[in-house]
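Asks: Got entry11.txt for you, compact mmCIF, C-alpha atoms:
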```
# COMPACT_ATOMS: atom_id res chain seq x y z
CA MET A 1 -26.47 -2.40 5.31
CA SER A 2 -24.31 0.39 6.69
CA TYR A 3 -23.26 3.40 4.64
CA PRO A 4 -21.02 4.81 3.39
CA LYS A 5 -19.39 1.62 2.18
CA ILE A 6 -16.57 0.86 -0.20
CA GLU A 7 -16.75 -2.40 -2.14
CA LEU A 8 -13.76 -4.24 -3.56
CA ASP A 9 -14.45 -6.78 -6.29
CA CYS A 10 -11.72 -9.36 -5.76
CA ALA A 11 -12.42 -11.08 -9.08
CA LYS A 12 -11.74 -7.85 -10.99
CA ILE A 13 -8.66 -7.10 -8.88
CA SER A 14 -7.41 -10.61 -9.66
CA LEU A 15 -8.09 -10.10 -13.37
CA ASN A 16 -6.17 -6.82 -13.39
CA THR A 17 -3.24 -8.43 -11.60
CA GLN A 18 -3.12 -11.39 -13.97
CA ARG A 19 -3.27 -9.23 -17.09
CA LEU A 20 -0.61 -6.82 -15.83
CA ILE A 21 1.68 -9.72 -14.98
CA GLU A 22 1.08 -11.27 -18.41
CA GLN A 23 1.70 -8.05 -20.36
CA LEU A 24 4.74 -6.94 -18.39
CA THR A 25 6.33 -10.39 -18.25
CA LEU A 26 6.52 -10.25 -22.04
CA LYS A 27 8.71 -7.15 -21.59
CA GLY A 28 10.91 -8.84 -18.99
CA VAL A 29 9.38 -6.90 -16.09
CA THR A 30 8.06 -8.41 -12.85
CA VAL A 31 5.09 -6.93 -10.98
CA THR A 32 4.99 -6.28 -7.24
CA PRO A 33 1.47 -5.20 -6.20
CA VAL A 34 1.29 -2.48 -3.54
CA THR A 35 -1.18 -3.21 -0.73
CA LYS A 36 -1.09 0.11 1.17
CA SER A 37 -4.47 1.26 -0.16
CA CYS A 38 -6.06 -1.86 1.38
CA LEU A 39 -4.10 -1.57 4.64
CA GLY A 40 -2.51 -4.93 3.98
CA HIS A 41 -5.84 -6.78 4.25
CA PRO A 42 -5.25 -10.56 4.08
CA ILE A 43 -8.15 -11.11 1.66
CA ILE A 44 -6.55 -8.72 -0.82
CA ALA A 45 -3.07 -10.09 -0.18
CA ASN A 46 -4.21 -13.62 -0.97
CA THR A 47 -6.16 -12.42 -4.01
CA LEU A 48 -2.97 -10.89 -5.40
CA ILE A 49 -0.88 -13.97 -4.61
CA ASN A 50 -3.43 -16.31 -6.20
CA ALA A 51 -3.36 -14.07 -9.27
CA GLY A 52 0.38 -14.65 -9.62
CA ALA A 53 2.13 -12.07 -7.44
CA THR A 54 5.38 -13.42 -5.99
CA MET A 55 6.11 -10.38 -3.80
CA LEU A 56 3.93 -7.77 -2.08
CA ALA A 57 4.84 -4.18 -1.25
CA ASP A 58 3.54 -1.71 1.29
CA SER A 59 4.60 1.62 2.78
CA ARG A 60 3.58 0.77 6.36
CA VAL A 61 5.27 -1.79 8.58
CA ASP A 62 1.96 -2.34 10.39
CA ASN A 63 0.31 -3.43 7.15
CA ILE A 64 3.12 -5.85 6.37
CA LYS A 65 2.94 -7.26 9.91
CA ARG A 66 -0.81 -7.74 9.44
CA MET A 67 -0.18 -9.83 6.33
CA ARG A 68 2.55 -11.83 8.06
CA GLU A 69 0.30 -12.62 11.02
CA ALA A 70 -2.38 -13.79 8.57
CA GLY A 71 0.02 -16.34 7.10
CA VAL A 72 1.32 -14.48 4.03
CA THR A 73 4.74 -15.95 3.24
CA VAL A 74 5.78 -14.30 -0.05
CA PRO A 75 8.64 -11.78 0.22
CA THR A 76 7.59 -8.31 1.35
CA LEU A 77 8.97 -4.96 0.22
CA LEU A 78 8.75 -1.81 2.34
CA ILE A 79 8.39 1.02 -0.17
CA ARG A 80 8.88 3.96 2.18
CA SER A 81 12.34 4.62 3.59
CA PRO A 82 12.49 3.02 7.06
CA MET A 83 12.08 5.25 10.10
CA LEU A 84 14.86 4.91 12.65
CA SER A 85 12.19 4.40 15.30
CA GLN A 86 10.99 1.25 13.47
CA ILE A 87 14.29 -0.32 12.45
CA GLU A 88 13.87 -3.51 14.47
CA ARG A 89 10.36 -4.04 13.15
CA VAL A 90 11.49 -3.47 9.56
CA VAL A 91 14.12 -6.18 9.86
CA ILE A 92 11.71 -8.63 11.49
CA ASP A 93 8.68 -8.14 9.20
CA CYS A 94 10.12 -6.93 5.88
CA ASP A 95 12.42 -8.87 3.58
CA ILE A 96 13.44 -5.85 1.49
CA SER A 97 13.24 -2.08 1.98
CA LEU A 98 13.80 0.98 -0.19
CA ASN A 99 16.57 3.19 1.17
CA THR A 100 18.40 6.46 0.57
CA GLU A 101 20.25 7.22 3.83
CA ILE A 102 23.45 5.52 4.97
CA ALA A 103 22.55 6.26 8.61
CA VAL A 104 19.38 4.21 8.21
CA ILE A 105 21.13 1.38 6.39
CA GLN A 106 23.77 1.18 9.13
CA LYS A 107 20.99 0.80 11.72
CA LEU A 108 19.35 -1.88 9.57
CA SER A 109 22.68 -3.70 9.52
CA ASP A 110 22.95 -3.52 13.30
CA ALA A 111 19.37 -4.71 13.83
CA ALA A 112 19.76 -7.53 11.32
CA GLY A 113 22.84 -8.68 13.18
CA ARG A 114 20.98 -8.74 16.48
CA CYS A 115 18.13 -10.68 14.89
CA ASN A 116 20.47 -13.04 13.04
CA ARG A 117 18.95 -12.04 9.71
CA ILE A 118 20.03 -10.75 6.32
CA HIS A 119 18.11 -7.67 5.24
CA GLN A 120 17.94 -6.78 1.55
CA ILE A 121 17.83 -3.20 0.31
CA ILE A 122 17.08 -1.33 -2.89
CA ILE A 123 18.77 2.06 -3.22
CA MET A 124 16.43 4.70 -4.64
CA VAL A 125 17.88 7.13 -7.18
CA GLU A 126 16.60 10.67 -7.78
CA LEU A 127 15.68 11.14 -11.44
CA GLY A 128 13.83 14.45 -11.33
CA ASP A 129 10.51 14.11 -9.48
CA LEU A 130 12.23 15.21 -6.25
CA ARG A 131 10.63 12.82 -3.83
CA GLU A 132 13.02 10.24 -2.39
CA GLY A 133 16.31 9.27 -3.99
CA VAL A 134 20.07 9.60 -3.93
CA MET A 135 21.43 12.06 -6.46
CA PRO A 136 23.06 10.05 -9.28
CA ASP A 137 26.49 11.61 -8.71
CA ASN A 138 26.46 10.38 -5.09
CA LEU A 139 25.31 6.84 -5.81
CA ILE A 140 28.68 5.12 -6.17
CA ASN A 141 30.01 6.58 -2.92
CA LEU A 142 26.90 5.45 -1.05
CA ILE A 143 27.08 1.93 -2.42
CA ASN A 144 30.76 1.76 -1.56
CA ASP A 145 29.74 2.27 2.07
CA VAL A 146 26.74 -0.07 1.86
CA ILE A 147 28.53 -3.14 0.54
CA LYS A 148 30.89 -3.08 3.53
CA LEU A 149 28.04 -3.51 6.01
CA PRO A 150 27.33 -6.95 7.50
CA ASN A 151 23.88 -8.54 7.29
CA ILE A 152 22.90 -6.24 4.40
CA THR A 153 22.47 -7.36 0.80
CA LEU A 154 22.21 -4.84 -2.01
CA LYS A 155 19.28 -6.21 -3.99
CA GLY A 156 19.11 -3.47 -6.60
CA ILE A 157 18.35 0.14 -7.40
CA GLY A 158 15.12 1.90 -8.25
CA THR A 159 13.41 5.21 -8.77
CA ASN A 160 10.10 6.93 -8.17
CA LEU A 161 8.45 9.21 -10.72
CA THR A 162 5.06 10.91 -11.28
CA CYS A 163 4.12 11.16 -7.57
CA ARG A 164 5.27 14.64 -6.53
CA TYR A 165 5.64 16.79 -9.63
CA GLY A 166 4.32 14.42 -12.28
CA VAL A 167 7.70 13.84 -13.93
CA GLU A 168 7.08 10.99 -16.36
CA PRO A 169 9.33 8.08 -17.23
CA ASP A 170 10.93 8.45 -20.64
CA ASP A 171 13.80 7.05 -22.66
CA ILE A 172 16.24 9.50 -21.05
CA ASN A 173 15.60 8.90 -17.35
CA MET A 174 15.02 5.17 -17.76
CA GLN A 175 18.25 4.87 -19.74
CA LEU A 176 20.08 6.72 -16.98
CA LEU A 177 18.75 4.22 -14.41
CA SER A 178 19.90 1.35 -16.65
CA ASP A 179 23.32 2.93 -17.12
CA LEU A 180 23.70 3.42 -13.38
CA ALA A 181 22.93 -0.26 -12.82
CA GLU A 182 25.60 -1.25 -15.34
CA HIS A 183 28.10 1.14 -13.75
CA ILE A 184 27.48 -0.26 -10.27
CA GLU A 185 27.88 -3.84 -11.44
CA THR A 186 31.11 -3.03 -13.26
CA THR A 187 32.56 -0.96 -10.43
CA PHE A 188 31.87 -3.44 -7.65
CA SER A 189 31.80 -6.73 -9.59
CA ILE A 190 28.33 -7.53 -8.35
CA LYS A 191 24.99 -8.46 -9.92
CA LEU A 192 21.85 -6.40 -9.20
CA ASP A 193 18.67 -8.48 -9.23
CA ILE A 194 16.13 -5.64 -9.28
CA ILE A 195 16.12 -2.45 -11.34
CA SER A 196 12.78 -0.96 -10.27
CA GLY A 197 11.49 1.54 -12.80
CA GLY A 198 8.71 3.08 -10.75
CA ASN A 199 4.98 2.74 -10.21
CA SER A 200 1.81 2.56 -12.33
CA GLY A 201 2.95 5.69 -14.15
CA SER A 202 5.77 3.67 -15.74
CA ILE A 203 3.60 0.94 -17.28
CA ASN A 204 2.93 2.59 -20.62
CA TRP A 205 6.61 3.44 -21.08
CA VAL A 206 7.57 -0.19 -20.45
CA LEU A 207 4.93 -1.51 -22.84
CA ALA A 208 5.87 0.95 -25.59
CA HIS A 209 9.66 0.80 -25.20
CA GLN A 210 11.61 -0.95 -27.91
CA GLY A 211 15.17 -2.12 -27.47
CA GLN A 212 17.34 -3.04 -24.53
CA THR A 213 16.72 -1.84 -20.99
CA ARG A 214 17.72 -3.00 -17.52
CA ILE A 215 14.34 -2.06 -16.06
CA ASN A 216 12.89 -5.34 -14.79
CA HIS A 217 10.53 -4.42 -11.97
CA LEU A 218 7.54 -2.18 -11.22
CA ARG A 219 5.64 -1.44 -8.00
CA LEU A 220 1.95 -1.24 -8.91
CA GLY A 221 -1.05 -0.04 -6.90
CA GLU A 222 -3.32 2.18 -8.98
CA ALA A 223 -3.25 -0.06 -12.04
CA VAL A 224 -3.96 -3.21 -10.02
CA PHE A 225 -6.96 -1.86 -8.15
CA LEU A 226 -8.41 0.75 -10.51
CA GLY A 227 -7.13 -0.38 -13.90
CA LEU A 228 -5.74 3.12 -14.36
CA VAL A 229 -2.49 4.94 -14.81
CA PRO A 230 -1.88 8.57 -13.76
CA LYS A 231 -3.78 11.30 -15.59
CA ASN A 232 -2.79 12.28 -19.11
CA GLN A 233 -1.66 8.73 -19.90
CA PRO A 234 -3.59 6.26 -22.08
CA GLN A 235 -5.84 3.71 -20.41
CA ILE A 236 -4.28 0.25 -20.09
CA SER A 237 -6.01 -2.16 -22.45
CA GLY A 238 -7.90 -5.08 -20.97
CA LEU A 239 -8.07 -3.86 -17.37
CA SER A 240 -11.21 -3.29 -15.28
CA SER A 241 -11.76 0.21 -13.91
CA THR A 242 -14.82 -0.79 -11.85
CA ALA A 243 -13.26 -3.04 -9.21
CA ILE A 244 -13.70 -0.37 -6.51
CA THR A 245 -16.94 1.53 -5.80
CA LEU A 246 -18.16 3.77 -2.96
CA THR A 247 -21.84 3.98 -2.02
CA ALA A 248 -23.48 6.65 0.15
CA GLU A 249 -27.04 7.29 1.36
CA VAL A 250 -29.27 10.29 0.70
CA ILE A 251 -30.32 12.06 3.93
CA GLU A 252 -32.07 15.11 2.45
CA SER A 253 -33.61 15.87 -0.93
CA SER A 254 -35.38 19.06 -1.96
CA GLN A 255 -35.56 21.92 -4.41
CA LYS A 256 -33.43 24.82 -3.24
CA PRO A 257 -31.98 28.02 -4.65
CA SER A 258 -28.57 27.58 -6.25
CA TYR A 259 -27.37 30.89 -4.85
CA PRO A 260 -26.92 31.60 -1.11
CA TRP A 261 -28.24 34.74 0.59
CA GLY A 262 -26.88 36.79 3.45
CA LYS A 263 -23.43 38.24 4.04
CA ARG A 264 -20.78 35.77 2.91
CA GLY A 265 -17.29 35.05 4.21
CA VAL A 266 -15.09 32.00 3.91
CA ASN A 267 -16.55 28.55 4.52
CA ALA A 268 -15.56 26.06 7.22
CA PHE A 269 -12.41 25.16 5.28
CA GLY A 270 -11.26 28.71 4.64
CA GLU A 271 -12.46 28.66 1.04
CA THR A 272 -14.17 31.43 -0.88
CA ILE A 273 -16.52 29.84 -3.40
CA SER A 274 -17.36 31.57 -6.69
CA LEU A 275 -20.98 30.94 -7.73
CA GLN A 276 -23.51 31.72 -10.45
CA ASN A 277 -27.23 32.01 -9.82
CA ARG A 278 -28.80 29.09 -11.68
CA GLY A 279 -32.23 29.39 -10.12
CA GLN A 280 -33.93 26.48 -8.37
CA VAL A 281 -32.13 23.12 -8.45
CA ASN A 282 -32.77 19.55 -7.35
CA GLN A 283 -30.34 19.21 -4.46
CA ALA A 284 -29.66 16.07 -2.45
CA ILE A 285 -27.39 15.69 0.55
CA LEU A 286 -25.50 12.44 1.07
CA ALA A 287 -24.06 11.23 4.35
CA LEU A 288 -20.51 11.41 3.08
CA GLY A 289 -17.90 14.09 3.61
CA ARG A 290 -14.30 15.16 3.59
CA GLN A 291 -13.67 13.20 6.78
CA ASP A 292 -14.58 10.04 4.86
CA VAL A 293 -13.02 10.48 1.44
CA CYS A 294 -11.12 12.81 -0.86
CA ILE A 295 -14.15 14.36 -2.56
CA ASP A 296 -12.22 15.53 -5.63
CA GLY A 297 -11.53 11.88 -6.45
CA LEU A 298 -15.19 10.81 -6.66
CA HIS A 299 -16.80 10.08 -10.04
CA PRO A 300 -20.61 10.49 -9.79
CA PRO A 301 -23.02 8.52 -11.97
CA SER A 302 -24.18 10.01 -15.24
CA GLY A 303 -26.65 12.88 -14.79
CA MET A 304 -25.39 13.84 -11.34
CA THR A 305 -23.06 16.71 -10.38
CA ILE A 306 -21.13 17.10 -7.15
CA VAL A 307 -21.51 20.76 -6.23
CA SER A 308 -19.92 21.05 -2.77
CA SER A 309 -18.94 19.22 0.39
CA CYS A 310 -18.33 19.70 4.09
CA SER A 311 -16.84 17.44 6.75
CA ASP A 312 -19.88 15.16 6.83
CA HIS A 313 -22.14 16.19 3.94
CA LEU A 314 -21.93 15.89 0.17
CA MET A 315 -24.23 18.09 -1.89
CA VAL A 316 -25.19 16.86 -5.35
CA GLU A 317 -27.57 18.05 -8.04
CA THR A 318 -29.71 15.90 -10.34
CA PRO A 319 -31.42 18.02 -13.02
CA GLU A 320 -33.58 15.20 -14.39
CA LYS A 321 -35.19 13.94 -11.19
CA MET A 322 -35.21 14.29 -7.43
CA LEU A 323 -33.47 11.63 -5.40
CA ALA A 324 -35.39 10.04 -2.53
CA VAL A 325 -34.35 10.09 1.10
CA GLY A 326 -32.85 6.67 1.87
CA GLU A 327 -31.82 6.13 -1.76
CA THR A 328 -28.17 5.21 -2.34
CA VAL A 329 -25.70 6.58 -4.86
CA THR A 330 -22.64 4.67 -6.07
CA PHE A 331 -19.49 6.49 -7.15
CA GLY A 332 -16.37 5.49 -9.00
CA LEU A 333 -13.09 6.55 -7.42
CA ASP A 334 -9.63 7.67 -8.40
CA TYR A 335 -6.61 6.56 -6.37
CA SER A 336 -6.74 9.46 -3.91
CA ALA A 337 -10.40 8.77 -3.09
CA PHE A 338 -9.76 5.03 -2.85
CA LEU A 339 -6.84 5.51 -0.49
CA SER A 340 -8.68 7.95 1.78
CA ALA A 341 -11.91 5.94 1.93
CA MET A 342 -10.03 2.77 2.83
CA THR A 343 -8.21 4.64 5.60
CA SER A 344 -11.38 6.13 7.10
CA GLU A 345 -12.86 4.15 9.99
CA PHE A 346 -16.27 5.61 9.11
CA VAL A 347 -16.44 3.83 5.74
CA ASP A 348 -17.46 0.16 5.81
CA LYS A 349 -15.27 -2.17 3.76
CA VAL A 350 -16.88 -4.98 1.77
CA TYR A 351 -14.80 -7.60 -0.07
CA ARG A 352 -16.67 -9.43 -2.82
```
Starting from the file, give its structure as structure tokens.

Replies:
Amino acid sequence: MSYPKIELDCAKISLNTQRLIEQLTLKGVTVTPVTKSCLGHPIIANTLINAGATMLADSRVDNIKRMREAGVTVPTLLIRSPMLSQIERVVIDCDISLNTEIAVIQKLSDAAGRCNRIHQIIIMVELGDLREGVMPDNLINLINDVIKLPNITLKGIGTNLTCRYGVEPDDINMQLLSDLAEHIETTFSIKLDIISGGNSGSINWVLAHQGQTRINHLRLGEAVFLGLVPKNQPQISGLSSTAITLTAEVIESSQKPSYPWGKRGVNAFGETISLQNRGQVNQAILALGRQDVCIDGLHPPSGMTIVSSCSDHLMVETPEKMLAVGETVTFGLDYSAFLSAMTSEFVDKVYR
């Protein structure tokens, strides 16, 4: 067995997907799982489809192409605004894309015409988190230009929250998105199929909300794979948080001083580390580093503390006992660690 390795339990991922679909369907909301963390791997794509997903989303055209070439036929949604340099590929491989720029949508229209296709778009609206999105006051003017374009269908509108500044969905911003949908439909005498209320950070708002809303769609990654929602939100009932694990091997284990000696400057990453002298400690080094994974997103097993890391080494302490060289340690992960480990070519991927 090669280490480090990340293991994905497809049964637990399937369970999470099924339960999210069941719970959100009761609120009139459809679920589109996001496959970017798994690089569009066909095993994961088919796991999600077999669990009930009728559309898959990704932020990379290459990932969507990978799924297409593996025989995935459900509609695909590109959830990052298309790059002008990839317009032709977007039209060929993606059924729907999220958009904010008329210049991009015009190019999509041209490419769709050349390919004899109809490309569907969702216009993203800025509701405070200041990532992507058209300012609400400019939305009607943009759509007025969009609906005149050939080979383009306006599928709906959406928003993104929690990602940049942690702005959470609430009754005010979700009501604004609903009102904007109503205003668009009235102004242009059209029907919007999708009102996309965000990502995993919007789940608890949807489940708790009472009354009418036009929100009928969410794009979910973290909740599907980790059974989690962003920090400071309640855990989602009934979901597994152990579908993804990362295992690394011990390459050194010894008792060492907890406090360095010699003249100190910054470390290899430009950091100045504040320390306390805690005497001798049981230190182990694992063959895992910042080149492999976002260390801050690792959750060590009980009784172990992550004390520092370098490019290729992870230093941990185990007060109760010494680890043995060759022993392995399995970590839980948050979404940042999951995403980075899956992207690293130095981490083996195992699908169970």

Asks: Which residues are near A:Ser37? Cut-off 9 Å, only C-alpha atoms, ignore same chain within fewer than 6 positions. Put them as a PyMOL selection string.

Replies: chain A and resi 58+221-222+225+335+338-340+342-343

Asks: Take the residues from that selection and put them in a file with C-alpha atoms, as a CSV table (one decimal), in the frame of the given file.

Replies:
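Final output, saved to selection19.csv:
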```csv
chain,number,residue,atom,x,y,z
A,58,ASP,CA,3.5,-1.7,1.3
A,221,GLY,CA,-1.0,0.0,-6.9
A,222,GLU,CA,-3.3,2.2,-9.0
A,225,PHE,CA,-7.0,-1.9,-8.2
A,335,TYR,CA,-6.6,6.6,-6.4
A,338,PHE,CA,-9.8,5.0,-2.8
A,339,LEU,CA,-6.8,5.5,-0.5
A,340,SER,CA,-8.7,8.0,1.8
A,342,MET,CA,-10.0,2.8,2.8
A,343,THR,CA,-8.2,4.6,5.6
```

Asks: Which residues are close to A:Ile102, i.e. within 8 Å by all atoms listed in the file, leaving aside same-chain residues fewer than 6 positions away? Reply as a list in words.

Replies: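 Close residues of A:Ile102: Leu142, Asp145 and Val146 of chain A.
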
Asks: Those same residues, written as a short mmCIF file (atom, residue, chain, number, x, y, z; two decimals), in the coordinates of the input with C-alpha atoms?

Replies:
```cif
data_model
loop_
_atom_site.label_atom_id
_atom_site.label_comp_id
_atom_site.auth_asym_id
_atom_site.auth_seq_id
_atom_site.Cartn_x
_atom_site.Cartn_y
_atom_site.Cartn_z
CA LEU A 142 26.90 5.45 -1.05
CA ASP A 145 29.74 2.27 2.07
CA VAL A 146 26.74 -0.07 1.86
#
```

Asks: Measure the distance from atom CA of A:Pro257 to atom CA of A:Gln280 in Å and round it to one decimal.

Replies: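 Atom CA of A:Pro257 sits 4.5 Å away from atom CA of A:Gln280.
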
Asks: Got a sec: who's within 6 Å of A:Val316, counting all atoms listed in the file, leaving out chain neighbours fewer than 5 positions off, as a list in words?

Replies: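 Counting all atoms listed in the file, the residues come to Gln283, Ala284, Thr305, Ile306 and Val307 of chain A.
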
Asks: For stretch 308-311 of chain A, work out the shell of residues within 10 Å, counting only C-alpha atoms and skipping chain neighbours fewer than 2 positions away, then give it as a list in words.

Replies: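 These residues fall inside the cut-off: Asn267, Ala268, Phe269, Ile273, Ile285, Leu286, Ala287, Leu288, Gly289, Arg290, Gln291, Asp292, Val293, Ile295, Asp296, Thr305, Ile306, His313, Leu314, Met315, Val316 and Glu317 of chain A.
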
Asks: At most 10 Å from (-3.9, -11.1, -8.7), file frame, all atoms listed in the file: which residues, as a list in words?

Replies: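 Result, sorted by chain then residue number: Cys10, Ala11, Lys12, Ile13, Ser14, Leu15, Asn16, Thr17, Gln18, Arg19, Leu20, Ile21, Pro33, Ile44, Ala45, Asn46, Thr47, Leu48, Ile49, Asn50, Ala51, Gly52, Ala53, Thr54, Val224 and Phe225 of chain A.
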
Asks: In Å, how far is it from atom CA of A:Lys191 to atom CA of A:Leu177?

Replies: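 Atom-to-atom, atom CA of A:Lys191 and atom CA of A:Leu177 are spaced 14.8 Å apart.
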
Asks: Atom CA of A:Val329 to atom CA of A:Met304: how many Å, to one decimal?

Replies: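 Atom-to-atom, atom CA of A:Val329 and atom CA of A:Met304 are spaced 9.7 Å apart.
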
Asks: Rank A:Arg264, A:Lys5, A:Arg164, A:Arg278 by their smallest atom-to-atom distance to A:Leu130, using all atoms listed in the file, and report the top residue only.

Replies: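 Of A:Arg264, A:Lys5, A:Arg164, A:Arg278, the one nearest A:Leu130 is A:Arg164, counting all atoms listed in the file.
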
Asks: With 10 Å as the threshold, what does the neighbourhood of (18.3, 1.0, 10.6) contain in terms of residues, counting only C-alpha atoms? Coordinates are those of the file; answer as a list in words.

Replies: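 Result, sorted by chain then residue number: Ser81, Pro82, Met83, Leu84, Ser85, Gln86, Ile87, Glu88, Arg89, Val90, Val91, Asn99, Glu101, Ile102, Ala103, Val104, Ile105, Gln106, Lys107, Leu108, Ser109, Asp110, Ala111 and Ala112 of chain A.
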
Asks: With a distance cut-off of 12 Å and all atoms listed in the file, select the neighbouring residues of stretch 206-214 of chain A, excluding the residue or stretch itself and same-chain residues fewer than 6 positions from it, and output the selection as a CSV table (one decimal) with C-alpha atoms, in the frame of the given file.

Replies:
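Output (selection-v7.csv):
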```
chain,number,residue,atom,x,y,z
A,20,LEU,CA,-0.6,-6.8,-15.8
A,21,ILE,CA,1.7,-9.7,-15.0
A,22,GLU,CA,1.1,-11.3,-18.4
A,23,GLN,CA,1.7,-8.0,-20.4
A,24,LEU,CA,4.7,-6.9,-18.4
A,25,THR,CA,6.3,-10.4,-18.2
A,26,LEU,CA,6.5,-10.2,-22.0
A,27,LYS,CA,8.7,-7.2,-21.6
A,28,GLY,CA,10.9,-8.8,-19.0
A,29,VAL,CA,9.4,-6.9,-16.1
A,30,THR,CA,8.1,-8.4,-12.8
A,31,VAL,CA,5.1,-6.9,-11.0
A,156,GLY,CA,19.1,-3.5,-6.6
A,157,ILE,CA,18.4,0.1,-7.4
A,158,GLY,CA,15.1,1.9,-8.2
A,168,GLU,CA,7.1,11.0,-16.4
A,169,PRO,CA,9.3,8.1,-17.2
A,170,ASP,CA,10.9,8.4,-20.6
A,171,ASP,CA,13.8,7.0,-22.7
A,172,ILE,CA,16.2,9.5,-21.0
A,173,ASN,CA,15.6,8.9,-17.4
A,174,MET,CA,15.0,5.2,-17.8
A,175,GLN,CA,18.2,4.9,-19.7
A,176,LEU,CA,20.1,6.7,-17.0
A,177,LEU,CA,18.8,4.2,-14.4
A,178,SER,CA,19.9,1.4,-16.6
A,179,ASP,CA,23.3,2.9,-17.1
A,180,LEU,CA,23.7,3.4,-13.4
A,181,ALA,CA,22.9,-0.3,-12.8
A,182,GLU,CA,25.6,-1.2,-15.3
A,183,HIS,CA,28.1,1.1,-13.8
A,185,GLU,CA,27.9,-3.8,-11.4
A,191,LYS,CA,25.0,-8.5,-9.9
A,192,LEU,CA,21.8,-6.4,-9.2
A,193,ASP,CA,18.7,-8.5,-9.2
A,194,ILE,CA,16.1,-5.6,-9.3
A,195,ILE,CA,16.1,-2.4,-11.3
A,196,SER,CA,12.8,-1.0,-10.3
A,197,GLY,CA,11.5,1.5,-12.8
A,198,GLY,CA,8.7,3.1,-10.8
A,199,ASN,CA,5.0,2.7,-10.2
A,200,SER,CA,1.8,2.6,-12.3
A,234,PRO,CA,-3.6,6.3,-22.1
A,236,ILE,CA,-4.3,0.2,-20.1
A,237,SER,CA,-6.0,-2.2,-22.4
```

Asks: Please determine, counting all atoms listed in the file, which residue among A:Pro319, A:Gly133, A:Pro150, A:Gly128 has the shortest atom-to-atom distance to A:Ser254.

Replies: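 Looking at the shortest contact to A:Ser254, the residue is A:Pro319.
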